[in-house]
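Worksheet for the structure shown next.
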Amino acid sequence: MPLNFGSNNALDIFRDFLENVKETENYVRVVIDYSVESAIAGGLLCKALKELDIMFELINNLMEIPIDETRQFLINTKVSSGGSALALAATSTSVVRKTSTGYVIGAPVLEEALLYIISDYVIIPKEVKYLLASSVLARRTPRLVKGKLSASEEKFLGKLENDDLIKKVVGPMIMGWNHLKPEVAVKYSVDLLVPKYFMRDLADEVSDEVIANELGLPREQITGNNYIIRQEWYVKDLYYLAYLLMCIVDENGVEVLAATVLNPGAILWYALKMYEYLRRLRTALDEFLAGDWESKGKYKVMHMEDPPPLTMLTKVLQNLGKLGRDEVIANELAGKVHVPIQMLSQKSREVLRTEAKIVGGYAIFSSTDVLSKVGT
């Protein structure tokens, strides 16, 4: 049955799409890309489909997509073959437009738009809203490199603050600074990370002035907005949660991150693993700063037996000014080269279909020579 939408209202188009799926008693395919934003948005969509008793299949856009008549939700991806598609995408302005295969619903903050639409069908628990907020923050890390949130993103987080879910605190961009002792916060902070203090027990007092001096930056440059979860939960700092979500993509894949939206309690298990990731990050950081790596164009290839999630390591080094904005850390071990997919552009990811094996959130190559074909 062809889709026949009589409205340009995003909510109406979404509703008509779902009703059409119900009428045909068919399942719907949800296609996501390798990003925190797409995984969290896809997970929220799957949560709604599950509660509406609509069968669905979740896949990533690097997988082979069957050519059939299955209805498709495309989250920040242009992949479409067969069927009718409703694409949900991050765009500079809110837009609803028709395409040859269906419709595109675009919004400056995809998480907010999808929350608004889906709240019309199901109740969204506060834990899922934490994930949506951290998804917004994840794409603005590392903060010294990516800059401030957009006005639309600030507005969305402001709504969650008005709902008494989170609070904004201005201060040093040290994760945990507002609810932990400063000497504890600098021990575990990734964005912003201070090498001298990271994963080390301190006896001396730490202040924002001391941190600025240690990093060689003006005090105002390390000051920004921190977002804290008001209620007691597994994680308190939303930026810490953002890095945790990125680590889940690297270590487990985007589908696993999407599944946490259906079961936010799983975050506890991953949060416990984060401490091990930070320990490995300390070792990797020391190795990199000691020059234990080789350059392959825009890739800096290390040789670690027990590496931390490479997206986190890349962002830390970018924030410290040790990597360029388009440079990425790769790791070579036993003749296999691991590259974090979420750090690559959409154009570079397309090469992975023929050149790499995908395991979790990594593209695995047989040689560093292939990296010249991939770019970043």
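In the structure tokens, chains take letters A, B, ... by order of appearance, with residues numbered from 1 within each chain and ligands from 1 in the order shown.
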
Legend entry - Who sits within 12 Å of Glu294 of chain A, only C-alpha atoms, same chain under 5 positions skipped, as JSON, numbers by chain: {"A": [287, 288, 299, 300, 301, 302, 303, 328, 329, 330, 331, 332, 368]}

Inset, instruction - Name the residues of segment 141-249 of chain A that come out as helix (DSSP H, G or I) in a backbone DSSP run; write them as number ranges by chain. - result: A: 143-146, 151-162, 182-188, 208-215, 219-222, 238-249

Using only C-alpha atoms, please write the residues we just selected to a file, as a PDB file, in the first residue's frame.
```
ATOM      1  CA  ARG A 143      34.449  20.828  24.875  1.00  0.00           C
ATOM      2  CA  LEU A 144      37.644  22.813  24.316  1.00  0.00           C
ATOM      3  CA  VAL A 145      37.600  21.716  20.660  1.00  0.00           C
ATOM      4  CA  LYS A 146      33.881  21.561  19.774  1.00  0.00           C
ATOM      5  CA  ALA A 151      20.909  27.770  21.140  1.00  0.00           C
ATOM      6  CA  SER A 152      18.507  24.930  20.264  1.00  0.00           C
ATOM      7  CA  GLU A 153      20.492  22.417  22.322  1.00  0.00           C
ATOM      8  CA  GLU A 154      20.663  24.823  25.279  1.00  0.00           C
ATOM      9  CA  LYS A 155      16.890  25.291  25.020  1.00  0.00           C
ATOM     10  CA  PHE A 156      16.247  21.537  25.102  1.00  0.00           C
ATOM     11  CA  LEU A 157      18.456  21.035  28.165  1.00  0.00           C
ATOM     12  CA  GLY A 158      16.751  24.068  29.723  1.00  0.00           C
ATOM     13  CA  LYS A 159      13.393  22.305  29.413  1.00  0.00           C
ATOM     14  CA  LEU A 160      14.761  19.279  31.260  1.00  0.00           C
ATOM     15  CA  GLU A 161      16.104  21.652  33.903  1.00  0.00           C
ATOM     16  CA  ASN A 162      12.665  23.266  34.241  1.00  0.00           C
ATOM     17  CA  PRO A 182      37.946  18.701  43.547  1.00  0.00           C
ATOM     18  CA  GLU A 183      40.831  16.261  44.091  1.00  0.00           C
ATOM     19  CA  VAL A 184      38.445  13.369  43.339  1.00  0.00           C
ATOM     20  CA  ALA A 185      36.869  15.070  40.324  1.00  0.00           C
ATOM     21  CA  VAL A 186      40.204  15.699  38.591  1.00  0.00           C
ATOM     22  CA  LYS A 187      41.153  12.073  39.163  1.00  0.00           C
ATOM     23  CA  TYR A 188      38.266  10.780  37.053  1.00  0.00           C
ATOM     24  CA  ASP A 208      40.180  26.072  39.032  1.00  0.00           C
ATOM     25  CA  GLU A 209      43.181  28.401  39.008  1.00  0.00           C
ATOM     26  CA  VAL A 210      45.565  25.496  39.649  1.00  0.00           C
ATOM     27  CA  ILE A 211      43.942  23.503  36.808  1.00  0.00           C
ATOM     28  CA  ALA A 212      44.174  26.432  34.387  1.00  0.00           C
ATOM     29  CA  ASN A 213      47.840  26.925  35.208  1.00  0.00           C
ATOM     30  CA  GLU A 214      48.550  23.221  34.794  1.00  0.00           C
ATOM     31  CA  LEU A 215      46.950  23.217  31.341  1.00  0.00           C
ATOM     32  CA  ARG A 219      40.895  30.555  33.674  1.00  0.00           C
ATOM     33  CA  GLU A 220      37.856  31.610  31.642  1.00  0.00           C
ATOM     34  CA  GLN A 221      38.700  29.119  28.878  1.00  0.00           C
ATOM     35  CA  ILE A 222      38.247  26.132  31.191  1.00  0.00           C
ATOM     36  CA  LEU A 238      25.786  14.118  32.177  1.00  0.00           C
ATOM     37  CA  TYR A 239      29.148  14.650  30.470  1.00  0.00           C
ATOM     38  CA  TYR A 240      30.491  11.557  32.228  1.00  0.00           C
ATOM     39  CA  LEU A 241      27.426   9.692  30.956  1.00  0.00           C
ATOM     40  CA  ALA A 242      28.097  11.040  27.445  1.00  0.00           C
ATOM     41  CA  TYR A 243      31.588   9.513  27.431  1.00  0.00           C
ATOM     42  CA  LEU A 244      30.180   6.286  28.842  1.00  0.00           C
ATOM     43  CA  LEU A 245      27.746   6.105  25.913  1.00  0.00           C
ATOM     44  CA  MET A 246      30.611   6.600  23.452  1.00  0.00           C
ATOM     45  CA  CYS A 247      32.532   3.790  25.142  1.00  0.00           C
ATOM     46  CA  ILE A 248      29.512   1.480  24.793  1.00  0.00           C
ATOM     47  CA  VAL A 249      29.455   2.136  21.031  1.00  0.00           C
TER      48      VAL A 249
END
```

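Of note, atom CA of Glu327 of chain A and atom CA of Asp250 of chain A are spaced 16.9 Å apart.
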
Identify, on the basis of only C-alpha atoms, every residue whose closest approach to Leu86 of chain A does not exceed 7 Å; exclude the query and any residue fewer than 6 positions from it along the same chain; express the result as a short mmCIF file (atom, residue, chain, number, x, y, z; two decimals) with C-alpha atoms, in the first residue's frame.
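Contents of the output file part-v2.cif:
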```cif
data_model
loop_
_atom_site.label_atom_id
_atom_site.label_comp_id
_atom_site.auth_asym_id
_atom_site.auth_seq_id
_atom_site.Cartn_x
_atom_site.Cartn_y
_atom_site.Cartn_z
CA GLN A 72 11.92 1.82 7.13
CA PHE A 73 12.78 4.40 9.76
CA LEU A 74 16.12 5.97 8.82
CA GLY A 102 8.54 8.75 1.75
CA TYR A 103 9.21 11.71 4.04
CA VAL A 104 12.00 13.42 5.95
#
```

Inset, instruction - Excluding Glu232 of chain A and any residue of its chain fewer than 5 positions from it, enumerate the residues within 12 Å of it, using only C-alpha atoms, and give them as a list in words. - result: Lys126, Glu127, Tyr130, Leu165, Ile166, His179 and Asp237 of chain A

Inset, instruction - Would you mind telling me which residue in A:Tyr34, A:Tyr116, A:Phe17, A:Tyr270 lies nearest to Ile358 of chain A when using only C-alpha atoms? - result: A:Tyr34

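Counting only C-alpha atoms and comparing A:Val256, A:Val136, A:Leu344, A:Met175, the residue that lies closest to Gly42 of chain A is A:Val256.
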
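Among A:Asn26, A:Thr141, A:Thr77, A:Asn20, the residue with the shortest atom-to-atom distance to Gln346 of chain A, counting only C-alpha atoms, is A:Thr77.
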
Inset, instruction - Pick out the residues sitting within 10 Å of Arg325 of chain A, and hand them over as an MDAnalysis selection string; count only C-alpha atoms, and ignore anything fewer than 3 positions along from it in its own chain. - result: chainID A and resid 142 145:146 298 314:315 317:319 321:322 328 376

Would you output that residue set with C-alpha atoms, as a CSV table (one decimal), in the first residue's frame?
```csv
chain,number,residue,atom,x,y,z
A,142,PRO,CA,35.7,17.5,23.6
A,145,VAL,CA,37.6,21.7,20.7
A,146,LYS,CA,33.9,21.6,19.8
A,298,LYS,CA,45.6,11.4,9.8
A,314,THR,CA,41.1,10.3,20.6
A,315,LYS,CA,38.9,13.0,22.2
A,317,LEU,CA,44.2,13.9,23.0
A,318,GLN,CA,42.3,16.4,20.8
A,319,ASN,CA,41.3,18.3,23.9
A,321,GLY,CA,46.0,19.7,21.7
A,322,LYS,CA,48.0,16.5,20.9
A,328,VAL,CA,42.1,9.7,15.0
A,376,THR,CA,38.7,10.4,8.6
```

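Contact shell of Val374 of chain A at 9 Å (only C-alpha atoms; same-chain neighbours under 3 positions omitted): Leu344, Lys347, Ser348, Arg349, Glu350, Val351, Leu352, Glu355, Val370 and Leu371 of chain A.
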
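DSSP secondary structure from the backbone places A:Ile166, A:Lys167, A:Lys168, A:Val169, A:Val170, A:Gly171, A:Pro172, A:Thr223, A:Gly224, A:Asn225, A:Asn226, A:Tyr227, A:Ile228, A:Ile229, A:Asp237 of segment 135-258 of chain A in strand (DSSP E or B).
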
Taking only C-alpha atoms into account, produce a table as a Markdown table in which each residue of segment 121-187 of chain A with an atom at most 10 Å from an atom of segment 45-53 of chain A appears once, together with its shortest atom pair and the distance in Å to one decimal, ordered by chain and rising number.
```
| residue | atom | partner | partner_atom | distance |
| --- | --- | --- | --- | --- |
| A:Tyr121 | CA | A:Ala48 | CA | 7.2 |
| A:Val122 | CA | A:Ala48 | CA | 6.3 |
| A:Ile123 | CA | A:Ala48 | CA | 9.0 |
| A:Ile124 | CA | A:Ala48 | CA | 9.1 |
```

File dump, residues just selected, C-alpha atoms, as a short mmCIF file (atom, residue, chain, number, x, y, z; two decimals), in the first residue's frame:
```
data_model
loop_
_atom_site.label_atom_id
_atom_site.label_comp_id
_atom_site.auth_asym_id
_atom_site.auth_seq_id
_atom_site.Cartn_x
_atom_site.Cartn_y
_atom_site.Cartn_z
CA TYR A 121 2.18 7.54 22.31
CA VAL A 122 4.09 6.31 25.34
CA ILE A 123 5.33 7.60 28.69
CA ILE A 124 9.06 8.34 28.58
#
```

Inset, instruction - Counting only C-alpha atoms, figure out which residue out of A:Lys148, A:Ala356, A:Pro309, A:Met55 gets nearest to Lys273 of chain A. - result: A:Pro309

Inset, instruction - Please measure the separation of atom CA of Ala107 of chain A and atom CA of Ala10 of chain A, giving the value in Å to one decimal. - result: 10.1 Å

Inset, instruction - To one decimal in Å, tell me the separation between atom CA of Gly361 of chain A and atom CA of Leu131 of chain A. - result: 18.7 Å

Legend entry - Nearest-residue call for Asp120 of chain A, choices A:Gly147, A:Pro218, A:Asp12, A:Gly43, using only C-alpha atoms: A:Asp12
